[in-house]
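Engineer: This one is work_7.txt, compact mmCIF, C-alpha atoms.
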# COMPACT_ATOMS: atom_id res chain seq x y z
CA MET A 1 -121.00 104.29 319.79
CA ILE A 2 -119.45 103.57 316.42
CA LEU A 3 -115.89 104.70 315.81
CA HIS A 4 -114.71 104.95 312.20
CA TYR A 5 -111.02 104.25 312.46
CA ALA A 6 -107.86 103.96 310.40
CA GLN A 7 -104.35 103.14 311.54
CA ASN A 8 -101.88 106.05 311.53
CA SER A 9 -104.72 108.53 311.74
CA ARG A 10 -106.13 110.80 314.45
CA ALA A 11 -108.71 108.05 315.08
CA VAL A 12 -106.04 106.38 317.24
CA ARG A 13 -106.49 109.23 319.74
CA VAL A 14 -110.15 108.38 320.16
CA ALA A 15 -109.59 104.62 320.36
CA TRP A 16 -106.88 105.26 322.96
CA LEU A 17 -109.31 107.22 325.11
CA LEU A 18 -112.03 104.58 324.74
CA GLU A 19 -109.57 101.85 325.73
CA GLU A 20 -108.31 103.83 328.74
CA LEU A 21 -111.89 104.28 329.88
CA GLY A 22 -112.88 100.69 329.14
CA LEU A 23 -115.96 101.86 327.26
CA GLN A 24 -117.76 99.62 324.80
CA TYR A 25 -117.70 100.71 321.17
CA GLU A 26 -118.18 99.30 317.73
CA ILE A 27 -115.34 99.84 315.32
CA LYS A 28 -115.39 100.26 311.55
CA LYS A 29 -111.95 100.05 310.03
CA TYR A 30 -110.63 101.73 306.93
CA VAL A 31 -107.26 102.13 305.30
CA LEU A 32 -106.08 105.71 304.78
CA GLY A 33 -106.47 106.69 301.13
CA ASP A 34 -108.81 103.77 300.52
CA GLU A 35 -111.67 104.27 298.06
CA GLU A 36 -114.15 103.18 300.70
CA MET A 37 -113.56 106.51 302.45
CA ARG A 38 -114.71 108.30 299.30
CA SER A 39 -117.75 106.07 298.71
CA PRO A 40 -121.22 107.66 298.73
CA ASN A 41 -122.07 105.74 301.90
CA TYR A 42 -119.06 107.06 303.75
CA LEU A 43 -119.50 110.61 302.47
CA LYS A 44 -123.01 110.54 303.91
CA ILE A 45 -121.41 110.05 307.32
CA ASN A 46 -118.57 112.52 306.74
CA PRO A 47 -118.76 114.63 303.57
CA LEU A 48 -115.05 115.40 303.96
CA GLY A 49 -114.14 111.71 303.74
CA ARG A 50 -111.88 111.66 306.80
CA VAL A 51 -111.42 109.64 309.97
CA PRO A 52 -112.11 109.67 312.85
CA VAL A 53 -115.87 109.83 312.91
CA LEU A 54 -117.83 109.03 316.03
CA GLU A 55 -121.50 108.17 315.68
CA ASP A 56 -123.49 108.11 318.90
CA ALA A 57 -127.27 108.08 318.41
CA ASP A 58 -128.06 111.43 316.73
CA ASN A 59 -124.59 112.84 317.27
CA THR A 60 -121.94 112.62 314.57
CA LEU A 61 -118.57 114.19 315.24
CA THR A 62 -115.54 114.27 312.96
CA GLU A 63 -112.89 116.24 314.85
CA SER A 64 -110.73 114.19 317.20
CA GLY A 65 -110.57 117.01 319.75
CA ALA A 66 -114.34 117.37 319.72
CA ILE A 67 -114.86 113.61 320.00
CA ILE A 68 -112.53 113.36 322.97
CA GLN A 69 -114.26 116.21 324.81
CA TYR A 70 -117.64 114.69 323.93
CA ILE A 71 -116.85 111.21 325.23
CA ILE A 72 -115.20 112.44 328.41
CA THR A 73 -117.99 114.87 329.24
CA LYS A 74 -120.80 112.52 328.36
CA TYR A 75 -119.52 109.14 329.54
CA ALA A 76 -116.59 109.62 331.88
CA LYS A 77 -117.48 112.39 334.35
CA ARG A 78 -114.69 114.53 332.90
CA LYS A 79 -111.96 112.00 333.71
CA PHE A 80 -108.67 113.00 332.01
CA ILE A 81 -109.73 116.69 332.09
CA PRO A 82 -108.27 118.58 335.06
CA ASP A 83 -110.88 120.85 336.56
CA ILE A 84 -110.55 124.53 337.27
CA GLU A 85 -109.12 124.09 340.79
CA ASN A 86 -106.38 121.80 339.52
CA GLU A 87 -102.94 123.43 339.27
CA ASN A 88 -102.64 121.94 335.76
CA PHE A 89 -105.89 123.43 334.47
CA SER A 90 -104.40 126.07 332.14
CA SER A 91 -101.48 123.85 331.13
CA TYR A 92 -103.93 121.12 330.20
CA LEU A 93 -105.86 123.47 327.92
CA GLN A 94 -102.69 124.78 326.33
CA TRP A 95 -101.35 121.32 325.44
CA PHE A 96 -104.71 119.92 324.43
CA HIS A 97 -104.92 122.59 321.72
CA PHE A 98 -101.25 122.63 320.79
CA ALA A 99 -101.62 119.46 318.71
CA GLU A 100 -103.92 120.86 316.04
CA GLY A 101 -102.77 124.46 316.34
CA MET A 102 -99.03 123.95 316.07
CA ILE A 103 -97.97 120.38 315.25
CA MET A 104 -100.49 118.90 312.84
CA PRO A 105 -100.41 121.65 310.17
CA GLN A 106 -96.74 120.85 309.59
CA MET A 107 -97.36 117.10 309.79
CA ASN A 108 -100.11 117.41 307.18
CA ILE A 109 -97.72 119.04 304.74
CA ILE A 110 -95.07 116.37 305.29
CA VAL A 111 -97.59 113.55 304.84
CA VAL A 112 -98.99 115.09 301.68
CA GLU A 113 -95.54 115.65 300.18
CA THR A 114 -93.86 112.39 301.18
CA ILE A 115 -96.71 109.88 301.13
CA LEU A 116 -99.79 111.07 299.27
CA LEU A 117 -98.46 112.93 296.20
CA PRO A 118 -97.05 111.03 293.23
CA PRO A 119 -93.24 111.45 292.96
CA GLU A 120 -93.36 113.91 290.06
CA ARG A 121 -95.46 116.34 292.10
CA LYS A 122 -93.40 116.22 295.28
CA ASN A 123 -91.73 119.44 296.39
CA GLU A 124 -88.64 119.16 298.56
CA VAL A 125 -88.80 122.85 299.55
CA ASN A 126 -92.19 122.30 301.18
CA VAL A 127 -90.91 119.29 303.11
CA LYS A 128 -87.84 121.14 304.36
CA ARG A 129 -89.81 124.18 305.49
CA ALA A 130 -92.44 122.08 307.27
CA THR A 131 -89.81 119.86 308.91
CA LYS A 132 -87.92 122.87 310.23
CA LEU A 133 -91.08 124.41 311.66
CA LEU A 134 -92.24 121.07 313.08
CA SER A 135 -88.93 120.70 314.85
CA ARG A 136 -89.38 124.13 316.49
CA MET A 137 -92.86 123.15 317.66
CA LEU A 138 -91.57 119.87 319.07
CA GLN A 139 -88.79 121.75 320.86
CA ALA A 140 -91.48 123.64 322.78
CA VAL A 141 -92.91 120.30 323.94
CA GLU A 142 -89.41 118.99 324.74
CA THR A 143 -88.74 122.04 326.95
CA HIS A 144 -92.07 121.64 328.71
CA MET A 145 -91.47 117.94 329.36
CA VAL A 146 -88.30 118.46 331.43
CA GLY A 147 -89.05 116.76 334.75
CA ARG A 148 -92.56 115.76 333.72
CA GLU A 149 -94.15 112.38 332.99
CA TYR A 150 -97.24 113.72 331.24
CA LEU A 151 -98.12 117.09 329.73
CA ALA A 152 -100.41 118.26 332.53
CA GLY A 153 -99.83 116.30 335.74
CA GLU A 154 -101.44 112.88 335.44
CA LEU A 155 -102.33 111.36 332.08
CA SER A 156 -104.91 113.64 330.47
CA ALA A 157 -106.67 114.23 327.19
CA ALA A 158 -103.82 116.64 326.35
CA ASP A 159 -101.55 113.59 326.04
CA MET A 160 -104.07 111.93 323.74
CA MET A 161 -103.89 114.97 321.47
CA THR A 162 -100.36 116.38 321.61
CA GLY A 163 -98.74 113.13 322.82
CA HIS A 164 -100.19 111.36 319.80
CA ALA A 165 -98.96 114.13 317.51
CA VAL A 166 -95.46 113.80 318.98
CA ILE A 167 -95.46 110.03 318.45
CA MET A 168 -96.62 110.50 314.86
CA SER A 169 -93.79 113.01 314.27
CA GLU A 170 -91.26 110.48 315.51
CA LYS A 171 -92.73 107.77 313.28
CA LEU A 172 -92.60 110.14 310.32
CA GLY A 173 -88.86 110.35 310.80
CA VAL A 174 -88.34 113.59 312.70
CA ASP A 175 -84.97 113.50 314.47
CA PHE A 176 -85.47 113.07 318.23
CA ILE A 177 -81.77 112.70 319.07
CA GLU A 178 -81.65 116.09 320.78
CA LYS A 179 -85.05 115.61 322.34
CA PRO A 180 -84.38 113.13 325.17
CA ASN A 181 -87.48 114.12 327.12
CA LEU A 182 -89.68 113.45 324.12
CA GLN A 183 -87.95 110.11 323.56
CA ARG A 184 -88.85 109.08 327.11
CA TYR A 185 -92.32 110.55 326.80
CA THR A 186 -93.25 108.70 323.62
CA LYS A 187 -91.94 105.43 325.08
CA ARG A 188 -93.95 106.00 328.26
CA LEU A 189 -97.10 106.55 326.22
CA MET A 190 -96.51 103.63 323.86
CA ASN A 191 -96.07 101.34 326.88
CA ARG A 192 -99.65 101.96 327.95
CA PRO A 193 -101.75 98.91 327.06
CA ALA A 194 -104.64 101.12 325.95
CA LEU A 195 -102.50 102.95 323.40
CA LYS A 196 -100.83 99.75 322.23
CA LYS A 197 -104.25 98.32 321.52
CA ALA A 198 -105.59 101.51 319.94
CA TRP A 199 -102.59 101.75 317.63
CA CYS A 200 -103.26 98.47 315.85
CA LEU A 201 -106.98 97.82 315.92
CA MET B 202 -105.24 139.73 332.26
CA ILE B 203 -102.85 140.84 329.54
CA LEU B 204 -103.70 139.97 325.95
CA HIS B 205 -100.89 140.10 323.40
CA TYR B 206 -102.68 141.00 320.21
CA ALA B 207 -102.14 141.66 316.53
CA GLN B 208 -104.66 142.59 313.87
CA ASN B 209 -105.50 139.85 311.35
CA SER B 210 -104.39 137.19 313.81
CA ARG B 211 -106.13 134.61 315.98
CA ALA B 212 -105.80 137.13 318.83
CA VAL B 213 -108.95 138.75 317.43
CA ARG B 214 -110.87 135.67 318.61
CA VAL B 215 -109.81 136.27 322.19
CA ALA B 216 -110.43 140.01 322.09
CA TRP B 217 -113.88 139.31 320.63
CA LEU B 218 -114.71 137.01 323.53
CA LEU B 219 -113.41 139.50 326.11
CA GLU B 220 -115.49 142.28 324.52
CA GLU B 221 -118.63 140.12 324.40
CA LEU B 222 -118.16 139.35 328.09
CA GLY B 223 -117.30 142.94 329.01
CA LEU B 224 -114.24 141.77 330.93
CA GLN B 225 -111.39 144.11 331.78
CA TYR B 226 -108.05 143.35 330.17
CA GLU B 227 -104.81 145.04 329.32
CA ILE B 228 -103.76 144.88 325.68
CA LYS B 229 -100.29 144.80 324.18
CA LYS B 230 -100.33 145.36 320.45
CA TYR B 231 -97.97 144.03 317.82
CA VAL B 232 -97.85 144.00 314.06
CA LEU B 233 -97.66 140.54 312.46
CA GLY B 234 -94.15 139.88 311.23
CA ASP B 235 -92.79 142.71 313.38
CA GLU B 236 -89.35 142.28 314.93
CA GLU B 237 -90.79 142.97 318.38
CA MET B 238 -92.41 139.54 318.24
CA ARG B 239 -88.96 137.97 317.84
CA SER B 240 -87.29 140.07 320.57
CA PRO B 241 -85.80 138.27 323.59
CA ASN B 242 -88.46 139.85 325.83
CA TYR B 243 -91.29 138.53 323.72
CA LEU B 244 -89.73 135.10 323.27
CA LYS B 245 -89.60 134.83 327.05
CA ILE B 246 -93.39 135.10 327.04
CA ASN B 247 -93.90 132.88 323.98
CA PRO B 248 -90.81 131.05 322.67
CA LEU B 249 -92.66 130.46 319.40
CA GLY B 250 -93.06 134.20 318.82
CA ARG B 251 -96.74 134.13 318.01
CA VAL B 252 -99.93 135.85 319.08
CA PRO B 253 -102.26 135.52 320.87
CA VAL B 254 -100.77 135.12 324.29
CA LEU B 255 -102.84 135.51 327.43
CA GLU B 256 -101.06 136.18 330.70
CA ASP B 257 -103.17 135.84 333.81
CA ALA B 258 -101.16 135.71 337.04
CA ASP B 259 -99.12 132.49 336.79
CA ASN B 260 -100.95 131.24 333.71
CA THR B 261 -99.60 131.86 330.23
CA LEU B 262 -101.52 130.43 327.30
CA THR B 263 -100.70 130.73 323.61
CA GLU B 264 -103.39 128.76 321.80
CA SER B 265 -106.55 130.73 320.96
CA GLY B 266 -108.77 127.70 321.61
CA ALA B 267 -107.15 127.12 324.98
CA ILE B 268 -107.41 130.79 325.92
CA ILE B 269 -111.09 130.91 325.03
CA GLN B 270 -111.89 127.81 327.09
CA TYR B 271 -109.78 129.21 329.96
CA ILE B 272 -111.50 132.60 330.08
CA ILE B 273 -114.99 131.18 329.75
CA THR B 274 -114.45 128.53 332.40
CA LYS B 275 -112.63 130.78 334.83
CA TYR B 276 -114.42 134.10 334.44
CA ALA B 277 -117.74 133.60 332.69
CA LYS B 278 -119.45 130.57 334.25
CA ARG B 279 -119.15 128.73 330.94
CA LYS B 280 -121.17 131.33 328.99
CA PHE B 281 -120.92 130.69 325.24
CA ILE B 282 -120.33 126.95 325.89
CA PRO B 283 -123.53 124.87 325.60
CA ASP B 284 -123.70 122.33 328.40
CA ILE B 285 -124.26 118.63 328.02
CA GLU B 286 -128.07 118.81 328.19
CA ASN B 287 -128.19 121.39 325.40
CA GLU B 288 -129.27 119.99 322.02
CA ASN B 289 -126.30 121.81 320.46
CA PHE B 290 -123.69 120.25 322.75
CA SER B 291 -122.05 117.94 320.22
CA SER B 292 -122.47 120.39 317.36
CA TYR B 293 -120.77 123.04 319.46
CA LEU B 294 -117.75 120.79 320.06
CA GLN B 295 -117.54 119.83 316.41
CA TRP B 296 -117.48 123.42 315.16
CA PHE B 297 -115.26 124.72 317.92
CA HIS B 298 -112.55 122.30 316.77
CA PHE B 299 -113.23 122.56 313.04
CA ALA B 300 -111.37 125.89 312.83
CA GLU B 301 -107.92 124.60 313.71
CA GLY B 302 -108.44 121.04 312.45
CA MET B 303 -109.78 121.82 308.98
CA ILE B 304 -109.68 125.49 308.01
CA MET B 305 -106.54 127.02 309.46
CA PRO B 306 -103.98 124.54 308.05
CA GLN B 307 -105.01 125.61 304.55
CA MET B 308 -105.18 129.27 305.53
CA ASN B 309 -101.65 129.06 306.95
CA ILE B 310 -100.31 127.79 303.63
CA ILE B 311 -102.07 130.55 301.70
CA VAL B 312 -100.80 133.26 304.07
CA VAL B 313 -97.24 131.94 303.90
CA GLU B 314 -97.29 131.73 300.11
CA THR B 315 -99.09 134.97 299.29
CA ILE B 316 -98.01 137.31 302.10
CA LEU B 317 -94.97 136.10 304.04
CA LEU B 318 -92.63 134.63 301.41
CA PRO B 319 -90.61 136.87 299.09
CA PRO B 320 -91.89 136.71 295.48
CA GLU B 321 -89.06 134.53 294.20
CA ARG B 322 -89.92 131.79 296.70
CA LYS B 323 -93.67 131.75 296.13
CA ASN B 324 -95.17 128.55 294.77
CA GLU B 325 -98.44 128.82 292.85
CA VAL B 326 -99.05 125.04 293.06
CA ASN B 327 -99.17 125.23 296.86
CA VAL B 328 -101.62 128.13 296.77
CA LYS B 329 -103.91 126.35 294.32
CA ARG B 330 -103.93 123.11 296.29
CA ALA B 331 -104.60 124.87 299.60
CA THR B 332 -107.31 127.09 298.08
CA LYS B 333 -109.12 124.09 296.61
CA LEU B 334 -109.02 122.24 299.92
CA LEU B 335 -110.04 125.34 301.87
CA SER B 336 -113.03 125.75 299.60
CA ARG B 337 -114.12 122.17 300.38
CA MET B 338 -113.81 122.82 304.10
CA LEU B 339 -115.81 126.04 303.81
CA GLN B 340 -118.47 124.18 301.83
CA ALA B 341 -119.01 121.97 304.88
CA VAL B 342 -119.67 125.08 306.96
CA GLU B 343 -121.91 126.52 304.22
CA THR B 344 -124.02 123.35 304.23
CA HIS B 345 -124.27 123.37 308.01
CA MET B 346 -125.33 127.03 308.09
CA VAL B 347 -128.48 126.53 305.99
CA GLY B 348 -131.30 127.87 308.16
CA ARG B 349 -128.96 128.73 311.04
CA GLU B 350 -127.85 132.06 312.50
CA TYR B 351 -124.90 130.71 314.46
CA LEU B 352 -122.98 127.44 314.34
CA ALA B 353 -124.51 125.88 317.45
CA GLY B 354 -127.77 127.58 318.42
CA GLU B 355 -127.04 130.93 320.06
CA LEU B 356 -123.70 132.68 319.66
CA SER B 357 -121.04 130.40 321.14
CA ALA B 358 -117.29 129.99 321.34
CA ALA B 359 -117.57 127.86 318.19
CA ASP B 360 -118.40 131.05 316.27
CA MET B 361 -115.37 132.76 317.78
CA MET B 362 -113.19 129.95 316.42
CA THR B 363 -114.71 128.76 313.13
CA GLY B 364 -116.66 131.96 312.46
CA HIS B 365 -113.43 133.92 312.71
CA ALA B 366 -111.69 131.44 310.41
CA VAL B 367 -114.49 131.84 307.85
CA ILE B 368 -114.22 135.64 307.98
CA MET B 369 -110.45 135.43 307.53
CA SER B 370 -110.94 133.16 304.50
CA GLU B 371 -113.27 135.72 302.93
CA LYS B 372 -110.80 138.52 303.60
CA LEU B 373 -108.01 136.45 302.07
CA GLY B 374 -109.97 136.42 298.83
CA VAL B 375 -111.73 133.04 298.83
CA ASP B 376 -114.73 133.19 296.51
CA PHE B 377 -117.97 133.23 298.53
CA ILE B 378 -120.29 133.75 295.53
CA GLU B 379 -121.69 130.23 295.81
CA LYS B 380 -121.73 130.36 299.59
CA PRO B 381 -124.72 132.62 300.36
CA ASN B 382 -125.16 131.27 303.87
CA LEU B 383 -121.56 132.08 304.72
CA GLN B 384 -121.96 135.57 303.22
CA ARG B 385 -124.87 136.20 305.57
CA TYR B 386 -123.07 134.56 308.47
CA THR B 387 -119.90 136.63 308.20
CA LYS B 388 -121.98 139.83 307.89
CA ARG B 389 -123.98 138.86 310.96
CA LEU B 390 -120.80 138.30 312.95
CA MET B 391 -119.07 141.46 311.72
CA ASN B 392 -122.12 143.48 312.74
CA ARG B 393 -121.59 142.57 316.38
CA PRO B 394 -120.09 145.56 318.22
CA ALA B 395 -117.75 143.28 320.20
CA LEU B 396 -116.21 141.82 317.05
CA LYS B 397 -116.03 145.21 315.32
CA LYS B 398 -114.07 146.50 318.28
CA ALA B 399 -111.86 143.39 318.57
CA TRP B 400 -111.01 143.55 314.88
CA CYS B 401 -109.31 146.93 315.05
CA LEU B 402 -107.85 147.35 318.51
Taking this structure as input, can you express it in the form of structure tokens?

Structural biologist:
Amino acid sequence: MILHYAQNSRAVRVAWLLEELGLQYEIKKYVLGDEEMRSPNYLKINPLGRVPVLEDADNTLTESGAIIQYIITKYAKRKFIPDIENENFSSYLQWFHFAEGMIMPQMNIIVVETILLPPERKNEVNVKRATKLLSRMLQAVETHMVGREYLAGELSAADMMTGHAVIMSEKLGVDFIEKPNLQRYTKRLMNRPALKKAWCL
Amino acid sequence: MILHYAQNSRAVRVAWLLEELGLQYEIKKYVLGDEEMRSPNYLKINPLGRVPVLEDADNTLTESGAIIQYIITKYAKRKFIPDIENENFSSYLQWFHFAEGMIMPQMNIIVVETILLPPERKNEVNVKRATKLLSRMLQAVETHMVGREYLAGELSAADMMTGHAVIMSEKLGVDFIEKPNLQRYTKRLMNRPALKKAWCL
């Protein structure tokens, strides 16, 4: 398996999973925004010029959620995915999908406006609206995390999706002062050796 | 099962699946933007005030992708999900997740700017940027659909996610003139009795 990776990207989710599982993989590193990710060679692998990409024989996947389901199903006997008899089955599904459905659209806007656009094209209204909505989404996670260590029982792929999105929100500067459960949750996740390693490959 | 539904929302995906499977369900209908979706009673069911919501005994799910995986796994013996031996396994995963990862974030921006915001707060720059990016995302689907009837072999849950997102893009006014494969694809999907019914419940 080859993982195309960049720091501060969704590729961290995949590297985190691979490290938790102790699977062997080759890594190709990029820097977000780097020209190499728009080179003809890279666009052959992913025409949209994004990371992560996982190449595994004839299979090329570019969505972090798809890659995580792929690796777990193919190489890890569905570890980190509660099965249908598990009391956390529906909760797992809910929080696995919450990352891309609810958190990341707002994060994308904030990243575009505060990091990617040149200053003269930045729009403070967009940032404010996205930050307000992001905070509401995070409040839903905060409420769910009362009395919980992970999103769905034990550590699961839901943490690798939504947990990662929560950590990224905190790093982007979202105020966590009134979100004590999320503060504890992100620390708990960042203390895992697999995530520490995946964060800074 | 109770499905909380609104036309022109992601709830159509779930209704489509339920109709394809011929499963019994109760439906509660709302109108997008309606006050009923911000009423205390509704916020008890989904504090974020969105549709779809699926209630099934003790399980409440609010993400269309989660609901689809839940229903298929629990009530349909994984119909519409290719298994690991299927040649379309990885492609299925990729296109299942492409909807929320790549298409919907742009669609959200366009809907907010052109439908939800009052005229004086609309921002044409945001619409243009999102439309350009959405068109690139749709081009990736167009390229994939050359010579294909569905995204991953037979009809699958990937079509219910990304196929629905493509149809919504077309209805929102994205130009499909140079996307002949998507034109055929959306027609093919809209000709399915289950989707026709789900669209206008």

Engineer: Name the residues in contact with range 92-100 of chain A at a cut-off of 9 Å, using only C-alpha atoms, excluding same-chain residues fewer than 6 positions from it; report them as number ranges by chain.

Structural biologist: A: 65, 81-82, 137, 141, 151-153, 156-166; B: 261-268, 270-271, 298, 301-302, 306

Engineer: Tell me, in Å to one decimal, how far CA of Ala331 in chain B is from CA of Leu390 in chain B.

Structural biologist: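 The value is 24.9 Å.
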
Engineer: Can you pull out the residues contacting range 32-41 of chain A? Cut-off 10 Å, using all atoms listed in the file, and skip same-chain residues under 6 positions away; I want them as a list in words.

Structural biologist: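 So the residues in contact are His4, Tyr5, Ala6, Gln7, Asn8, Ser9, Pro47, Leu48, Gly49, Arg50, Val51 and Leu116 of chain A.
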
Engineer: Limited to C-alpha atoms, could you put the picked residues into a file as a compact mmCIF listing (two decimals), in the coordinates of the input?

Structural biologist:
# COMPACT_ATOMS: atom_id res chain seq x y z
CA HIS A 4 -114.71 104.95 312.20
CA TYR A 5 -111.02 104.25 312.46
CA ALA A 6 -107.86 103.96 310.40
CA GLN A 7 -104.35 103.14 311.54
CA ASN A 8 -101.88 106.05 311.53
CA SER A 9 -104.72 108.53 311.74
CA PRO A 47 -118.76 114.63 303.57
CA LEU A 48 -115.05 115.40 303.96
CA GLY A 49 -114.14 111.71 303.74
CA ARG A 50 -111.88 111.66 306.80
CA VAL A 51 -111.42 109.64 309.97
CA LEU A 116 -99.79 111.07 299.27

Engineer: Give the answer as one residue: which of B:Lys380, B:Lys372, B:Lys229, B:Arg211 has the shortest atom-to-atom distance to chain A, using all atoms listed in the file?

Structural biologist: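 Between B:Lys380, B:Lys372, B:Lys229, B:Arg211, the residue approaching chain A most closely is B:Arg211.
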
Engineer: For a cut-off of 7 Å around (-117.6, 107.2, 318.1), file coordinates, pick out all residues using all atoms listed in the file and list them as a PyMOL selection string.

Structural biologist: chain A and resi 1-4+53-56

Engineer: In Å, how far is it from CA of Ile272 in chain B to CA of Arg148 in chain A?

Structural biologist: 25.6 Å

Engineer: Restricting the calculation to all atoms listed in the file: of B:Lys388, B:Asn309, B:Lys323, B:Phe281, which residue gets closest to Glu221 in chain B?

Structural biologist: B:Phe281

Engineer: May I ask which of the residues A:Ser91, A:Ser169, A:Gln24, A:Thr186 is the closest one to Met107 in chain A, counting all atoms listed in the file?

Structural biologist: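 Smallest separation from Met107 in chain A among the options: A:Ser169.
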
Engineer: Which is closer to chain B than all the others in A:Pro52, A:Leu23, A:Pro119, A:Ala140, using all atoms listed in the file?

Structural biologist: A:Ala140

Engineer: One decimal, Å: what's the distance from CA of Arg337 in chain B over to CA of Ile368 in chain B, could you say?

Structural biologist: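 That distance, rounded to one decimal, is 15.5 Å.
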
Engineer: Give as a short mmCIF file (atom, residue, chain, number, x, y, z; two decimals) with C-alpha atoms, in the coordinates of the input every residue, naming chains and numbers as the document does, that has an atom within 6 Å of (-103.6, 103.1, 317.0), counting all atoms listed in the file.

Structural biologist:
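out39.cif, written as the output of this step:
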data_model
loop_
_atom_site.label_atom_id
_atom_site.label_comp_id
_atom_site.auth_asym_id
_atom_site.auth_seq_id
_atom_site.Cartn_x
_atom_site.Cartn_y
_atom_site.Cartn_z
CA GLN A 7 -104.35 103.14 311.54
CA VAL A 12 -106.04 106.38 317.24
CA ALA A 198 -105.59 101.51 319.94
CA TRP A 199 -102.59 101.75 317.63
CA CYS A 200 -103.26 98.47 315.85
#

Engineer: Smallest atom-to-atom distance to chain B: which of A:Arg184, A:Gly147, A:Met190, A:Lys77, using all atoms listed in the file?

Structural biologist: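 Going through A:Arg184, A:Gly147, A:Met190, A:Lys77 one by one, the smallest distance to chain B is for A:Lys77.
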
Engineer: Box for range 20-39 of chain A - axis-aligned, 5 Å on each of the six sides, all listed atoms - centre and size in Å to one decimal, as AutoDock Vina command-line options.

Structural biologist:
--center_x -112.1 --center_y 103.8 --center_z 314.0 --size_x 22.1 --size_y 19.0 --size_z 41.8

Engineer: Using all atoms listed in the file for the distances, tell me which of B:Ile285, B:Ile310, B:Ile304, B:Ser336 is nearest to Asn324 in chain B.

Structural biologist: B:Ile310

Engineer: Atoms are missing here; could range 265-280 of chain B be completed with N, CA and C atoms and written as a PDB file, keeping the file's coordinate frame?

Structural biologist:
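Once written, part-v3.pdb looks like this:
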ATOM      1  N   SER B 265    -105.285 129.988 320.850  1.00  0.00           N
ATOM      2  CA  SER B 265    -106.550 130.730 320.960  1.00  0.00           C
ATOM      3  C   SER B 265    -107.667 129.847 321.527  1.00  0.00           C
ATOM      4  N   GLY B 266    -107.728 128.601 321.106  1.00  0.00           N
ATOM      5  CA  GLY B 266    -108.770 127.700 321.610  1.00  0.00           C
ATOM      6  C   GLY B 266    -108.629 127.466 323.103  1.00  0.00           C
ATOM      7  N   ALA B 267    -107.405 127.317 323.553  1.00  0.00           N
ATOM      8  CA  ALA B 267    -107.150 127.120 324.980  1.00  0.00           C
ATOM      9  C   ALA B 267    -107.515 128.376 325.768  1.00  0.00           C
ATOM     10  N   ILE B 268    -107.142 129.521 325.231  1.00  0.00           N
ATOM     11  CA  ILE B 268    -107.410 130.790 325.920  1.00  0.00           C
ATOM     12  C   ILE B 268    -108.908 131.014 326.065  1.00  0.00           C
ATOM     13  N   ILE B 269    -109.634 130.719 324.995  1.00  0.00           N
ATOM     14  CA  ILE B 269    -111.090 130.910 325.030  1.00  0.00           C
ATOM     15  C   ILE B 269    -111.726 129.989 326.070  1.00  0.00           C
ATOM     16  N   GLN B 270    -111.328 128.721 326.077  1.00  0.00           N
ATOM     17  CA  GLN B 270    -111.890 127.810 327.090  1.00  0.00           C
ATOM     18  C   GLN B 270    -111.501 128.263 328.503  1.00  0.00           C
ATOM     19  N   TYR B 271    -110.279 128.750 328.644  1.00  0.00           N
ATOM     20  CA  TYR B 271    -109.780 129.210 329.960  1.00  0.00           C
ATOM     21  C   TYR B 271    -110.619 130.382 330.467  1.00  0.00           C
ATOM     22  N   ILE B 272    -110.774 131.397 329.642  1.00  0.00           N
ATOM     23  CA  ILE B 272    -111.500 132.600 330.080  1.00  0.00           C
ATOM     24  C   ILE B 272    -112.949 132.269 330.416  1.00  0.00           C
ATOM     25  N   ILE B 273    -113.577 131.490 329.548  1.00  0.00           N
ATOM     26  CA  ILE B 273    -114.990 131.180 329.750  1.00  0.00           C
ATOM     27  C   ILE B 273    -115.197 130.351 331.014  1.00  0.00           C
ATOM     28  N   THR B 274    -114.303 129.392 331.224  1.00  0.00           N
ATOM     29  CA  THR B 274    -114.450 128.530 332.400  1.00  0.00           C
ATOM     30  C   THR B 274    -114.138 129.300 333.675  1.00  0.00           C
ATOM     31  N   LYS B 275    -113.108 130.127 333.617  1.00  0.00           N
ATOM     32  CA  LYS B 275    -112.630 130.780 334.830  1.00  0.00           C
ATOM     33  C   LYS B 275    -113.420 132.053 335.173  1.00  0.00           C
ATOM     34  N   TYR B 276    -113.854 132.783 334.153  1.00  0.00           N
ATOM     35  CA  TYR B 276    -114.420 134.100 334.440  1.00  0.00           C
ATOM     36  C   TYR B 276    -115.848 134.315 333.933  1.00  0.00           C
ATOM     37  N   ALA B 277    -116.431 133.327 333.303  1.00  0.00           N
ATOM     38  CA  ALA B 277    -117.740 133.600 332.690  1.00  0.00           C
ATOM     39  C   ALA B 277    -118.735 132.467 332.896  1.00  0.00           C
ATOM     40  N   LYS B 278    -118.494 131.644 333.918  1.00  0.00           N
ATOM     41  CA  LYS B 278    -119.450 130.570 334.250  1.00  0.00           C
ATOM     42  C   LYS B 278    -119.881 129.788 333.011  1.00  0.00           C
ATOM     43  N   ARG B 279    -118.935 129.522 332.150  1.00  0.00           N
ATOM     44  CA  ARG B 279    -119.150 128.730 330.940  1.00  0.00           C
ATOM     45  C   ARG B 279    -120.186 129.339 329.969  1.00  0.00           C
ATOM     46  N   LYS B 280    -120.355 130.664 330.021  1.00  0.00           N
ATOM     47  CA  LYS B 280    -121.170 131.330 328.990  1.00  0.00           C
ATOM     48  C   LYS B 280    -120.536 131.078 327.623  1.00  0.00           C
TER      49      LYS B 280
END
